[in-house]
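Asks: Contents of data_15.tsv (TSV, C-alpha atoms) are below:
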chain	number	residue	atom	x	y	z
A	1	MET	CA	82.59	106.56	77.98
A	2	HIS	CA	83.92	106.68	74.43
A	3	ILE	CA	87.30	104.94	74.32
A	4	LEU	CA	89.44	105.28	71.19
A	5	ASN	CA	92.31	103.20	72.52
A	6	THR	CA	92.37	101.25	75.75
A	7	THR	CA	96.08	100.39	75.77
A	8	CYS	CA	98.70	101.84	78.12
A	9	SER	CA	102.43	101.09	78.06
A	10	VAL	CA	104.43	101.11	81.30
A	11	ILE	CA	108.23	101.39	81.40
A	12	GLY	CA	110.32	101.83	84.51
A	13	ILE	CA	113.74	102.55	85.87
A	14	HIS	CA	116.02	99.50	85.90
A	15	ALA	CA	116.96	97.83	89.18
A	16	HIS	CA	120.63	98.79	89.00
A	17	ARG	CA	119.66	102.49	89.02
A	18	ILE	CA	117.58	102.18	92.19
A	19	GLY	CA	119.20	102.01	95.60
A	20	LEU	CA	118.32	98.39	96.26
A	21	ASP	CA	120.03	98.13	99.60
A	22	ARG	CA	116.43	98.11	100.91
A	23	PRO	CA	114.54	96.17	98.21
A	24	ALA	CA	111.32	95.65	100.19
A	25	PHE	CA	111.19	99.36	101.02
A	26	HIS	CA	111.63	100.45	97.38
A	27	ARG	CA	109.24	97.79	96.12
A	28	GLU	CA	106.49	99.06	98.42
A	29	ARG	CA	107.04	102.77	97.89
A	30	MET	CA	107.55	102.68	94.13
A	31	GLY	CA	104.85	100.05	93.73
A	32	THR	CA	102.36	102.30	95.49
A	33	LEU	CA	103.39	105.27	93.36
A	34	ILE	CA	102.86	103.20	90.22
A	35	GLU	CA	99.54	101.81	91.44
A	36	ARG	CA	98.16	105.30	91.95
A	37	GLU	CA	98.87	106.09	88.30
A	38	LEU	CA	97.46	102.75	87.17
A	39	ARG	CA	94.23	103.52	89.00
A	40	ILE	CA	94.03	106.88	87.25
A	41	ALA	CA	94.58	105.15	83.90
A	42	ILE	CA	91.87	102.58	84.65
A	43	HIS	CA	89.52	105.36	85.73
A	44	ASP	CA	90.23	107.04	82.37
A	45	GLY	CA	89.21	103.89	80.48
A	46	LEU	CA	92.54	102.12	79.88
A	47	ARG	CA	92.33	98.37	80.22
A	48	VAL	CA	95.33	96.76	78.46
A	49	PHE	CA	98.69	97.38	80.14
A	50	ARG	CA	101.90	96.56	78.29
A	51	VAL	CA	105.00	96.06	80.45
A	52	GLY	CA	108.58	95.35	79.30
A	53	MET	CA	109.36	93.19	82.38
A	54	ASN	CA	112.84	94.50	83.21
A	55	PRO	CA	113.93	94.02	86.83
A	56	GLY	CA	112.97	96.98	88.97
A	57	ALA	CA	109.97	99.22	88.37
A	58	ASP	CA	108.69	97.08	85.47
A	59	ILE	CA	108.35	94.03	87.71
A	60	TRP	CA	106.70	96.08	90.44
A	61	ALA	CA	104.27	97.59	87.92
A	62	ALA	CA	103.32	94.12	86.66
A	63	GLU	CA	102.71	92.97	90.23
A	64	ARG	CA	100.34	95.86	90.82
A	65	ILE	CA	98.51	95.30	87.51
A	66	ILE	CA	97.91	91.64	88.39
A	67	ALA	CA	96.67	92.61	91.86
A	68	LEU	CA	94.30	95.24	90.47
A	69	ARG	CA	92.99	92.79	87.87
A	70	ASP	CA	92.42	89.96	90.32
A	71	ARG	CA	90.95	92.02	93.16
A	72	HIS	CA	89.06	94.91	91.59
A	73	PHE	CA	89.10	95.18	87.78
A	74	PRO	CA	88.60	91.80	86.04
A	75	ASP	CA	88.58	93.42	82.58
A	76	VAL	CA	92.15	94.71	83.02
A	77	ALA	CA	94.83	92.74	81.14
A	78	LEU	CA	98.60	92.45	81.54
A	79	HIS	CA	100.57	92.02	78.30
A	80	CYS	CA	104.25	91.24	78.87
A	81	TYR	CA	106.69	92.31	76.13
A	82	LEU	CA	110.00	90.45	76.21
A	83	PRO	CA	112.95	91.46	74.00
A	84	CYS	CA	114.17	87.84	73.82
A	85	GLU	CA	113.63	84.39	75.34
A	86	THR	CA	116.92	84.71	77.27
A	87	HIS	CA	115.84	87.99	78.87
A	88	ALA	CA	116.19	86.78	82.49
A	89	ASN	CA	118.92	84.15	82.07
A	90	HIS	CA	121.55	85.98	84.11
A	91	TRP	CA	119.38	87.71	86.66
A	92	PRO	CA	119.67	86.91	90.38
A	93	GLU	CA	117.00	84.56	91.69
A	94	TYR	CA	115.15	87.29	93.62
A	95	TRP	CA	114.24	88.84	90.25
A	96	ARG	CA	113.81	85.61	88.28
A	97	GLU	CA	111.22	84.21	90.69
A	98	PRO	CA	108.68	87.08	90.40
A	99	TYR	CA	109.47	87.46	86.69
A	100	PHE	CA	108.42	83.92	85.79
A	101	ALA	CA	105.50	83.97	88.23
A	102	LEU	CA	104.16	87.10	86.55
A	103	LEU	CA	104.60	85.67	83.05
A	104	ALA	CA	102.52	82.69	84.14
A	105	GLN	CA	99.73	85.01	85.28
A	106	ALA	CA	99.85	87.40	82.31
A	107	ASP	CA	97.02	87.60	79.81
A	108	GLU	CA	99.51	87.64	76.94
A	109	VAL	CA	103.29	87.27	76.54
A	110	ILE	CA	104.99	88.62	73.42
A	111	VAL	CA	108.60	87.58	72.70
A	112	LEU	CA	110.48	89.43	69.97
A	113	GLN	CA	113.29	86.95	69.28
A	114	ASN	CA	115.11	83.89	70.61
A	115	ARG	CA	118.34	85.46	71.85
A	116	TYR	CA	119.60	88.86	72.89
A	117	ALA	CA	120.99	91.06	70.13
A	118	LYS	CA	121.88	94.73	70.04
A	119	GLY	CA	118.80	96.88	69.65
A	120	CYS	CA	116.25	94.32	70.80
A	121	MET	CA	115.40	96.32	73.94
A	122	SER	CA	114.68	99.45	71.89
A	123	ARG	CA	112.60	97.46	69.41
A	124	ARG	CA	110.63	96.00	72.30
A	125	ASN	CA	109.93	99.47	73.67
A	126	ARG	CA	108.82	100.86	70.31
A	127	LEU	CA	106.54	97.87	69.77
A	128	MET	CA	104.95	98.54	73.16
A	129	ILE	CA	104.39	102.20	72.32
A	130	ASP	CA	102.90	101.59	68.88
A	131	GLY	CA	99.14	101.40	69.34
A	132	SER	CA	99.15	102.71	72.91
A	133	ARG	CA	97.14	105.71	74.03
A	134	THR	CA	99.27	106.55	77.07
A	135	LEU	CA	102.79	105.91	78.33
A	136	ILE	CA	103.60	105.75	82.05
A	137	ALA	CA	107.35	106.11	82.58
A	138	VAL	CA	109.19	105.82	85.91
A	139	HIS	CA	112.27	107.90	85.16
A	140	ASP	CA	115.16	109.33	87.20
A	141	ASN	CA	116.09	112.09	84.70
A	142	VAL	CA	119.30	110.36	83.60
A	143	ALA	CA	119.69	111.43	79.99
A	144	ASP	CA	121.47	108.35	78.65
A	145	SER	CA	118.75	105.78	79.07
A	146	GLY	CA	116.28	103.71	77.11
A	147	ILE	CA	113.47	105.43	78.98
A	148	VAL	CA	114.46	108.81	77.51
A	149	ARG	CA	114.46	107.36	74.00
A	150	THR	CA	111.11	105.67	74.60
A	151	VAL	CA	109.53	108.86	75.96
A	152	SER	CA	110.84	110.81	72.96
A	153	TYR	CA	109.43	108.16	70.61
A	154	ALA	CA	106.04	108.25	72.34
A	155	GLU	CA	105.88	112.03	72.17
A	156	SER	CA	106.81	111.96	68.48
A	157	LYS	CA	103.72	109.80	68.02
A	158	GLY	CA	101.54	112.25	69.97
A	159	ILE	CA	101.03	109.79	72.83
A	160	GLU	CA	100.28	111.19	76.26
A	161	THR	CA	103.25	110.63	78.56
A	162	VAL	CA	103.10	110.52	82.35
A	163	ILE	CA	106.53	110.71	84.02
A	164	LEU	CA	106.87	109.41	87.57
A	165	ARG	CA	109.94	110.36	89.58
A	166	PRO	CA	111.35	107.64	91.86
A	167	LEU	CA	110.86	108.31	95.54
A	168	GLU	CA	113.89	108.79	97.74
A	169	GLY	CA	114.56	109.10	101.44
A	170	PRO	CA	113.49	107.07	104.48
A	171	ASP	CA	110.24	108.86	105.34
A	172	ALA	CA	107.13	107.74	103.50
A	173	PRO	CA	104.74	110.58	102.60
A	174	ALA	CA	101.28	110.53	104.17
A	175	TRP	CA	99.49	109.55	100.95
A	176	LEU	CA	101.16	106.14	100.98
A	177	VAL	CA	98.88	105.13	103.83
A	178	HIS	CA	95.76	105.87	101.79
A	179	PRO	CA	96.28	104.77	98.17
A	180	ALA	CA	92.49	104.66	97.63
A	181	GLU	CA	92.54	108.43	97.17
A	182	SER	CA	94.19	108.06	93.76
A	183	ASP	CA	91.07	108.85	91.72
A	184	GLN	CA	91.12	112.39	93.06
A	185	LEU	CA	94.36	112.98	91.18
A	186	SER	CA	92.64	112.63	87.84
A	187	ALA	CA	90.91	115.99	88.35
A	188	ASN	CA	94.29	117.65	88.91
A	189	ARG	CA	95.89	116.73	85.60
A	190	SER	CA	95.44	120.18	84.10
A	191	GLN	CA	97.47	121.64	86.97
A	192	MET	CA	100.47	119.34	86.52
A	193	SER	CA	103.69	120.82	85.14
A	194	SER	CA	105.51	119.25	82.21
A	195	THR	CA	108.82	120.85	83.18
A	196	TYR	CA	110.42	117.62	84.40
A	197	SER	CA	113.56	118.39	82.39
A	198	ALA	CA	114.61	120.55	79.47
A	199	MET	CA	114.67	117.41	77.36
A	200	PHE	CA	110.89	117.16	77.55
A	201	SER	CA	110.11	120.88	77.60
A	202	SER	CA	108.86	120.74	74.03
A	203	GLY	CA	106.62	117.74	74.62
A	204	LYS	CA	103.08	119.08	74.83
A	205	SER	CA	101.63	115.80	76.10
A	206	ALA	CA	104.00	115.25	79.03
A	207	ILE	CA	102.65	115.12	82.57
A	208	MET	CA	104.91	114.97	85.62
A	209	ARG	CA	104.10	113.19	88.86
A	210	ALA	CA	106.53	114.18	91.62
A	211	TRP	CA	105.14	113.31	95.06
Since I need it in another form, could you write the structure as structure tokens?

Replies:
Amino acid sequence: MHILNTTCSVIGIHAHRIGLDRPAFHRERMGTLIERELRIAIHDGLRVFRVGMNPGADIWAAERIIALRDRHFPDVALHCYLPCETHANHWPEYWREPYFALLAQADEVIVLQNRYAKGCMSRRNRLMIDGSRTLIAVHDNVADSGIVRTVSYAESKGIETVILRPLEGPDAPAWLVHPAESDQLSANRSQMSSTYSAMFSSGKSAIMRAW
């Protein structure tokens, strides 16, 4: 397999935008959704995964990357991109604990600056995108968000963008029971619609996952 770029950036919806009245439920469902896409990316030759480590889908993505690396794909690497050293200072403990545990297990941790300043989150996201071949974005179609700006930036660079919609509702779909089937999805990419929203209608590289 000829690989031009083995790097994939992953950005996800922030915790405060997910209904976290059932955190274990959302962690499992969204984590499984993300893992399916990670497996497709690995199957396609991607090996370095950059994650911004915000609470919510970023943390869950990093957990799945570590698990895939340690159990199945030893050549996979997690690179954590932090906007500042004080990134998690004011988070509740149930986010701080996995955050620091994941940083300790990461293959590389990149910190942009010492303290938070306006614009550091956007700079972090652009740095993640630069040099990546693919972007996986967990996005709820809320226009005023850093994810929208990051997707637009990636598409301006001609980077393939995969958009995952957060799952809602109490009933888990049948595929959650059998995540090993994820490789079959790779063959269906040409059938996926990129009509996630009018905002991305002009992006030729966008792929939508909406299970």

Asks: Report, in Å to a single decimal, how far apart atom CA of A:Val76 and atom CA of A:Ala41 are.

Replies: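 Atom-to-atom, atom CA of A:Ala41 and atom CA of A:Val76 are spaced 10.8 Å apart.
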
Asks: What does the structure give for the distance between atom CA of A:Thr32 and atom CA of A:Thr134, in Å to one decimal?

Replies: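 Taking atom CA of A:Thr32 and atom CA of A:Thr134, their separation equals 19.2 Å.
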
Asks: Check the smallest atom-to-atom distance from each of A:Pro83, A:Pro55, A:Gly119, A:Gly12 to A:Leu33 using all atoms listed in the file, then report the winner.

Replies: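 Nearest candidate to A:Leu33 out of A:Pro83, A:Pro55, A:Gly119, A:Gly12: A:Gly12.
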
Asks: Quote the spacing between atom CA of A:Ile129 and atom CA of A:Tyr94 in Å to one decimal place.

Replies: 28.1 Å

Asks: Sorted by chain and rising residue number, which residues of stretch 56-111 of chain A lie within 12 Å of stretch 23-30 of chain A, and what are their closest atom pairs and distances in Å to one decimal, counting only C-alpha atoms, as a Markdown table?

Replies:
| residue | atom | partner | partner_atom | distance |
| --- | --- | --- | --- | --- |
| A:Gly56 | CA | A:Arg27 | CA | 8.1 |
| A:Ala57 | CA | A:Met30 | CA | 7.1 |
| A:Asp58 | CA | A:Met30 | CA | 10.4 |
| A:Ile59 | CA | A:Arg27 | CA | 9.3 |
| A:Trp60 | CA | A:Arg27 | CA | 6.5 |
| A:Ala61 | CA | A:Met30 | CA | 8.7 |
| A:Ala62 | CA | A:Arg27 | CA | 11.7 |
| A:Glu63 | CA | A:Arg27 | CA | 10.0 |
| A:Arg64 | CA | A:Glu28 | CA | 10.3 |
| A:Tyr94 | CA | A:Pro23 | CA | 10.0 |
| A:Trp95 | CA | A:Pro23 | CA | 10.8 |

Asks: Need to verify the contact set: A:Pro166, 7 Å, only C-alpha atoms, exclusion of same-chain residues closer than 3 positions in sequence. Can you return it as a PyMOL selection string?

Replies: chain A and resi 30+138-140

Asks: Would you mind telling me which residue in A:Arg36, A:Arg165, A:Arg124, A:His72 lies nearest to A:Ser9 when using all atoms listed in the file?

Replies: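 With all atoms listed in the file as the atom set, the closest residue is A:Arg124.
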